[in-house]
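Here the structure comes first, spelled out in structure tokens, and everything after it is commentary.
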Amino acid sequence: MTSSILGIALSGLRTQQTGLTVTGHNITNVSTPGYSRQEAVISTSEPQFTGSGFIGTGAMASGVRRVADEFLTKQLRVDTATFQEVDTYLASISRMDDFLADARTGLAPALQGWFAALQGAANDPSSLPQRQLLLTQSQGLADRFHALQQRVVEENANVNSALDVYTQEINALANSVADLNAAIAGRVQGGPAAQPNDLLDQRDEAVRKLAELVGISTTAQDDGSINVFIGQGQGLVLGARVTTLSTQASTTDANQFEVVLNSSSGPVPISDLISGGKMGGALRYRNEVLDPTLNEVGRVAIVMAEQVNEQHRLGMDLEGTLGQNFFNDVNDAAAASARAIPDSRNAPPSDRILSVNIIDGTQLTASDYELTFSGPNNQSYVLRRVNDNVIVNQGELNGALPQSLFADGFNIQLTSGSFQAGDRYVIQPVRRGAEFFDLALQRPQELALAQPIRTAASRGNTGFGVVSAGEVLDTGMATFTTQAGAITPPMLIRFTSATTYDILDNSNPNSPVDLVPPLRERTFVPNSNNVIFGTDPGATLVSSTGALVGRVVAGLSNGYPAESYTFNLLSPAGVPTSTTVGTAANATAAQIAATLAGVPTIKAYANTELQLSNFTNAGGLTVSINGLLVSGTSANALATSINNNTILKNANIRAYSDGSVLTLRADGDDVQVTVGGGAGDSVRVTDRFGGFLNVTGGSSATVGGVVDVELPQYASLTTTGNGVFTTSPAGTGLYTGYTVSISGTPATGDVFTVGYNTDGTSDNRNALKLNALQTTKTVGAAQTLEDSYGSLIEDVGARTSQARIGQESGKSVLDASTRRRDNVSAVNLDEEAAKLIQFEQAYNATAQLVGVARTLFDTLLQATQ
Amino acid sequence: MRISNIDIFQRASGNMMDVQRQLARTQEQLSLGKRILSPADDPVAAAQIVNVNAEKARLEQYSHNITTLDNRLELMDGSLGSITESLQRVRELAVQTGDGALTLRDRQSLAQEVQERLQEIVSYMNTRDASDEYVFAGFQGGAAPFQKDSSGHYQYLGDQGQRFVQVGAETQVPMTENGRPIFVDIQAAKQTFFTAPSPINTSTPPATIDAGQMIDQAAWDAVFPEDFAIEFRPLAESTPPGQANYTVRSRSDNQVVAGLQNMTYVAGATISFNGIAVTVSGTPQPGDVFNVESSRNQPLTLTLERFIEGLNKFDNNPADRAALGKLISDSLGNLDQAIDSIGMARSRVGARMNVSETAKLQNENVALLSTKTLSQLEDLDYAEATTRLTLQNVVLQAAQQSFVKISNLSLFNFLR
């Protein structure tokens with residue numbers, strides 16, 4: 001009996017000791033991260049069967065149980081990854097948020113300063129200090145763009161180094177998980193009370209730390225080890241085996257690191273698959289904030305440089321030369337080729353040369369693009385806008401290079417190389433805009449604040465015509481490039497009547513001459529705005545060059561054949577249309593012009609010129625013009641009577657005499673010359689081409705007019721070619737690169753001139769046009785430069801605000817799941833204190849049992865003595 | 001529910017940190033006076049703030065522009081006022097010259113004073129601003145707009161350019177007046193003409209032509225608006241050959257004006273045709289041309305020059321007296337026209353001053369509104385923030401005290 005009492009006591013002592021040990025283990029690990037409290041599993045020993053039934057044999061500690069809930073542990077991991085991602089993201093985006101809006105670092109104050117300096121210069125265009133100030137502000141603006149760019153580049157470098165650190169930490173943690181897997185594997189068969197509790201805790205903690213770095217998922221194996229996966233199921237830890245991560249320069253952008261999984265079959269990029277954890281936050285920051293910020297700022301820089309340059313080149317500087325680029329050309333070779341980045345995996349040889357030119361900055365988006373040669377042949381290409389995944393251009397190359405692909409305001413120029421199926425290019429039209437934004441002008445004199453042309457009304461004008469100041473449209477035209485400091489030719493507009501004018505070459509102001517081809521007898525509508533030089537860059541002039549046109553012929557008709565005219569036009573919507581009109585035989589040039597001018601968008605003018613000379617008067621010489629007898633037999637006398645003849649005057653037939661030769665002009669009507677008298681009386685009628693007829697008494701000659709047709713851009717003219725026009729007459733360009741109009745009521749003989757704005761140092765017209773860019777919606781054709789930057793601030797601000805909310809909710813979710821896990825698994829000292837007391841008391845009681853056993857034994861011994 | 005010690009500690013420290021962060025934020029708001037510390041606090045308002053600030057900067061620039069404009073307008077107004085005063089004096093002199101008792105010498109001394117007034121007026125027409133720009137020169141402000149030509153007459157060398165200044169988002173106001181409409185294109189009292197040596201003339205020193213006098217208005221009106229050219233012909237064409245000679249042609253049809261073909265040239269002799277009389281002096285070379293152009297306008301300087309030439313020239317014989325009478329009455333008419341023209345220019349300038357004043361007021365109103373908007377967008381409500389600070393303070397203190405109390409409670413304290 002006593003032995004069994006002693007046995008029971010001993011078992012009790014051992015059991016309570018185990019309880020105290022476990023409690024002590026719990027107390028000492030109260031602050032150990034990831035520790036799960038343990039409980040001694042106490043049970044009764046196997047009872048002994050005796051004649052009096054089953055008799056207990058005491059207690060035993062059958063094991064130590066770890067109080068943990070697999071579900072809570074997993075939830076904690078997920079919430080940790082979510083919180084760490086948004087927390088890292090918030091910390092990063094807050095920096096960018098502050099930077100963009102800060103008056104000392106943001107773009108808005110620099111833009112405002114630039115426009116303010118521009119207006120200062122506009123108010124006093126000849127002042128060098130004002131011009132210098134504008135240059136200084138421009139440099140300041142460029143510096144600000146660079147600072148923004150630099151800041152984003154630094155942030156990108158931070159992301160790169162963070163990715164580097166994270167991959168190393170992930171590798172280290174993955175290794176410890178694998179080691180722990182190896183230690184745990186095969187030791188879990190003893191049931192829940194015989195597990196390697198502390199190893200399991202260590203492994204759970206390592207996995208939780210992994211979740212801080214990157215989103216993971218786990219699966220438990222039968223042998224107690226767990227597999228860890230990242231991304232979309234890429235194995236990181238499989239049992240005791242680890243697949244390491246590393247970073248490398250991205251195949252599409254060497255400045256950005258991407259995360260690769262070093263699998264047995266080679267490195268696999270997984271950046272796009274990763275979410276969660278600090279790594280997910282860093283990647284999200286790069287994709288959602290850094291790249292778009294750089295694109296938006298770059299777009300502002302490109303639009304600003306392009307628009308300012310375009311307008312500035314239309315101006316004239318203080319020294320009278322044409323404006324140069326104000327900022328660096330947006331399409332300079334380095335910038336253009338930096339916009340297309342070939343994927344490093346493109347098939348060798350790397351011989352493809354391509355560049356991206358900005359065609360119209362206002363159409364640019366802030367997106368990147370992807371150009372892929374999708375196969376199956378080497379010609380098929382697809383250009384996709386990344387932001388909204390829309391295909392903006394696709395088709396087949398036509399074989400020969402160079403070739404260009406247009407989309408969204410830019411042009412991809414494929415210069416040379418073996419473009420082939422599988423090639424991939426990242427097209428970043430605006431990414432590096434801020435970096436390449438630089439001041440091109442050096443000296444304040446080079447600021448082109450003036451316009452290179454000026455118009456004037458002659459002092460001797462007797463009518464009330466007003467000439468517009470003119471507007472320069474393209475200084476690349478021959479008008480401006482032929483001779484520096486001049487327009488070629490300077491123009492003179494002379495009114496031949498109240499409703500007609502000639503445009504003449506005013507190179508020699510003392511004797512203006514006809515242009516080539518001549519622009520004569522153009523129609524003027526009094527009291528309305530008459531565009532003299534138009535804005536249509538493709539306008540051409542087609543002249544009637546038929547064999548009979550403008551020639552002197554015997555008789556009373558001009559001999560023009562009937563003709564049919566077909567105009568091929570482009571409607572405003574861009575739809576080709578064709579219109580055919582016809583004219584009858586012997587129609588006058590004026591009638592032909594009126595018919596042709598009836599076709600929409602077509603203008604037509606006519607003019608007639610002839611000369612009368614060699615007046616031979618045998619006694620009976622008389623001259624009739626268009627059937628009207630005019631007195632006189634000499635050039636001077638005839639001129640006077642023709643100019644005084646009301647009917648001829650109303651027909652706008654004008655005579656000029658130099659004493660021996662009488663020149664007659666009309667606006668397209670036929671001029672019939674009938675000579676009266678005998679065979680000895682004659683007058684020579686000469687046409688503008690030098691052909692002549694000696695008209696003797698009793699006979700007549702007729703000179704018809706020539707027709708000039710003005711065609712708008714993309715229009716062409718074909719005719720039946722019967723003799724007024726050739727079949728498809730060639731046109732001469734009419735576009736001068738500037739536009740000028742005249743309104744009011746000029747009088748006959750009034751003269752207006754268009755010339756170079758020599759010494760126009762006080763002119764600020766171009767500065768005002770530059771200044772208009774401040775309020776013009778130039779960015780994406782919807783926002784001003786400042787608006788665009790404002791919406792970038794708004795966008796980053798909204799993302800930051802969203803991230804703040806995300807971070808707060810992520811934190812409370814994480815807190816809640818931490819609490820739930822802790823409340824199950826973590827140590828409560830009061831509880832342990834109670835257990836301490838419990839086990840101590842039990843121990844003391846059990847010790848008493850030993851005493852009882854000894855007393856029993858002593859009693860027995862005494863009895864036997 | 002079971003609670004772990006780690007939870008008690010973390011919960012307490014986490015909560016206290018939260019309240020401390022809020023306190024720090026409220027404190028920063030109070031010290032800056034701003035509701036929005038970063039755009040993320042209110043992204044929409046932040047974007048609006050950028051726009052409003054841009055607008056404020058623009059308005060500030062407009063007000064600078066208006067100051068510049070006002071200075072320029074006042075300068076022009078002052079010059080125009082001075083010219084008007086001089087013209088009034090010339091007008092008085094012109095009335096005096098009508099006195100029949102005056103001798104040629106008397107008139108010549110009066111001409112002397114008119115000459116001085118002319119110089120004075122030209123100096124005002126060549127007014128420069130603070131940055132040495134000629135204000136009446138159009139775009140060519142770098143050079144004096146009124147300079148003498150080879151015949152000694154003032155010509156306008158500027159252009160018809162006009163500079164604008166931005167005084168509001170949509171408003172541009174002309175800030176300059178060029179000399180053409182004010183001083184040159186002045187409608188003449190009667191149809192008139194002006195003379196000019198052609199720039200292709202080759203004689204050195206250049207042969208000159210005087211301003212010319214109107215002798216017979218009706219004869220001139222009959223040919224108006226014809227222009228004429230006095231061409232010096234090759235010496236061989238004269239009779240007898242070898243003498244300087246000229247031909248007068250009408251420009252529109254190139255015809256010789258009645259009788260004036262290959263006329264022998266006598267320096268300083270009057271050439272008369274169609275009611276006007278001009279004088280060419282010097283030694284013109286064959287090929288030289290002097291233009292006589294009809295005009296409805298007569299520049300201010302020409303009125304004075306013609307008047308001076310007439311005073312110096314017309315004697316007391318009946319023909320000269322008649323011409324002098326016409327000259328004086330034409331000159332008085334033209335002086336009145338000039339005074340009118342300058343008056344109109346001054347009223348244009350004045351109207352522009354009004355526009356600038358209106359624009360200034362309008363800009364100030366908008367600026368006030370912008371400031372108000374800005375204040376609403378980003379300024380802090382101090383009462384609310386102070387209350388919030390107090391509340392957060394109380395919360396923090398409560399959290400701290402309760403934590404100390406709770407953390408002292410432990411069963412181990414009783415295990416002794």
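By convention in this document, the chains of the structure tokens carry letters A, B, ... by their order, each chain's residues are numbered from 1, and ligands are numbered from 1 in the order they are shown.
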Inset, instruction - Tell me which protein, DNA and RNA residues are within 6 Å of Arg296 (chain B), counting only C-alpha atoms, leaving out same-chain ones fewer than 5 positions away, and put them as a count of residues only. - result: 4
Inset, instruction - With a distance threshold of 7 Å and counting only C-alpha atoms, extract the residues of chain B near chain A and express them as a VMD selection string. - result: chain B and resid 2 to 7 38 to 41 43 to 44 46 to 47 50 to 51 54 57 61 65 131 139 to 142 160 163 165 253 to 255 293 to 296 410 to 412
Legend entry - Contacts of Leu364 (chain A) at 6 Å (only C-alpha atoms; same-chain gap of 4+ positions) as a ChimeraX atom specification: /A:408-409,780
Legend entry - region 571-587 of chain A surroundings by only C-alpha atoms, 8 Å radius, close-in-sequence under 4 positions cut, as a PyMOL selection string: chain A and resi 557-567+591-592+595-596+599
Inset, instruction - Name the residues in contact with region 414-429 of chain A at a cut-off of 6 Å, using only C-alpha atoms, excluding same-chain residues fewer than 3 positions from it; report them as a PyMOL selection string. - result: chain A and resi 339-343+346+351-354+368-375+378+401-404
Legend entry - Best match for closeness to Asn15 (chain B) among B:Met175, B:Ala211, B:Val167, B:Ala398, counting only C-alpha atoms: B:Ala398
Legend entry - Top pick for closest residue to Gly280 (chain A), considering A:Arg208, A:Leu261, A:Val300, A:Thr167 and counting only C-alpha atoms: A:Thr167
Legend entry - Shell of 8 Å around Asp687 (chain A), only C-alpha atoms, local chain residues under 3 positions omitted, as a VMD selection string: chain A and resid 550 to 552 609 to 611 690 to 692 703
Could the residues in this selection be saved with N, CA and C atoms as a JSON list (two decimals), in the first residue's frame?
[["chain", "number", "residue", "atom", "x", "y", "z"],
["A", 550, "GLY", "N", -6.06, 85.02, -123.64],
["A", 550, "GLY", "CA", -5.36, 86.29, -123.52],
["A", 550, "GLY", "C", -4.71, 86.76, -124.80],
["A", 551, "ARG", "N", -4.96, 86.02, -125.91],
["A", 551, "ARG", "CA", -4.29, 86.37, -127.18],
["A", 551, "ARG", "C", -5.19, 87.28, -128.00],
["A", 552, "VAL", "N", -4.55, 87.99, -128.86],
["A", 552, "VAL", "CA", -5.32, 88.84, -129.76],
["A", 552, "VAL", "C", -5.78, 88.00, -130.95],
["A", 609, "GLU", "N", -5.59, 92.31, -120.54],
["A", 609, "GLU", "CA", -4.62, 93.37, -120.80],
["A", 609, "GLU", "C", -4.24, 93.36, -122.27],
["A", 610, "LEU", "N", -4.17, 94.54, -122.84],
["A", 610, "LEU", "CA", -3.71, 94.65, -124.23],
["A", 610, "LEU", "C", -3.08, 96.02, -124.44],
["A", 611, "GLN", "N", -2.37, 96.13, -125.53],
["A", 611, "GLN", "CA", -1.73, 97.41, -125.83],
["A", 611, "GLN", "C", -2.06, 97.82, -127.25],
["A", 690, "GLY", "N", 2.95, 89.26, -126.32],
["A", 690, "GLY", "CA", 3.77, 89.82, -127.39],
["A", 690, "GLY", "C", 3.19, 89.58, -128.77],
["A", 691, "GLY", "N", 2.15, 88.73, -128.87],
["A", 691, "GLY", "CA", 1.51, 88.53, -130.16],
["A", 691, "GLY", "C", 0.74, 89.78, -130.58],
["A", 692, "PHE", "N", 0.72, 90.10, -131.86],
["A", 692, "PHE", "CA", 0.02, 91.32, -132.26],
["A", 692, "PHE", "C", -0.68, 91.14, -133.60],
["A", 703, "VAL", "N", -9.32, 90.88, -127.68],
["A", 703, "VAL", "CA", -8.41, 90.26, -126.73],
["A", 703, "VAL", "C", -9.24, 89.82, -125.53]]
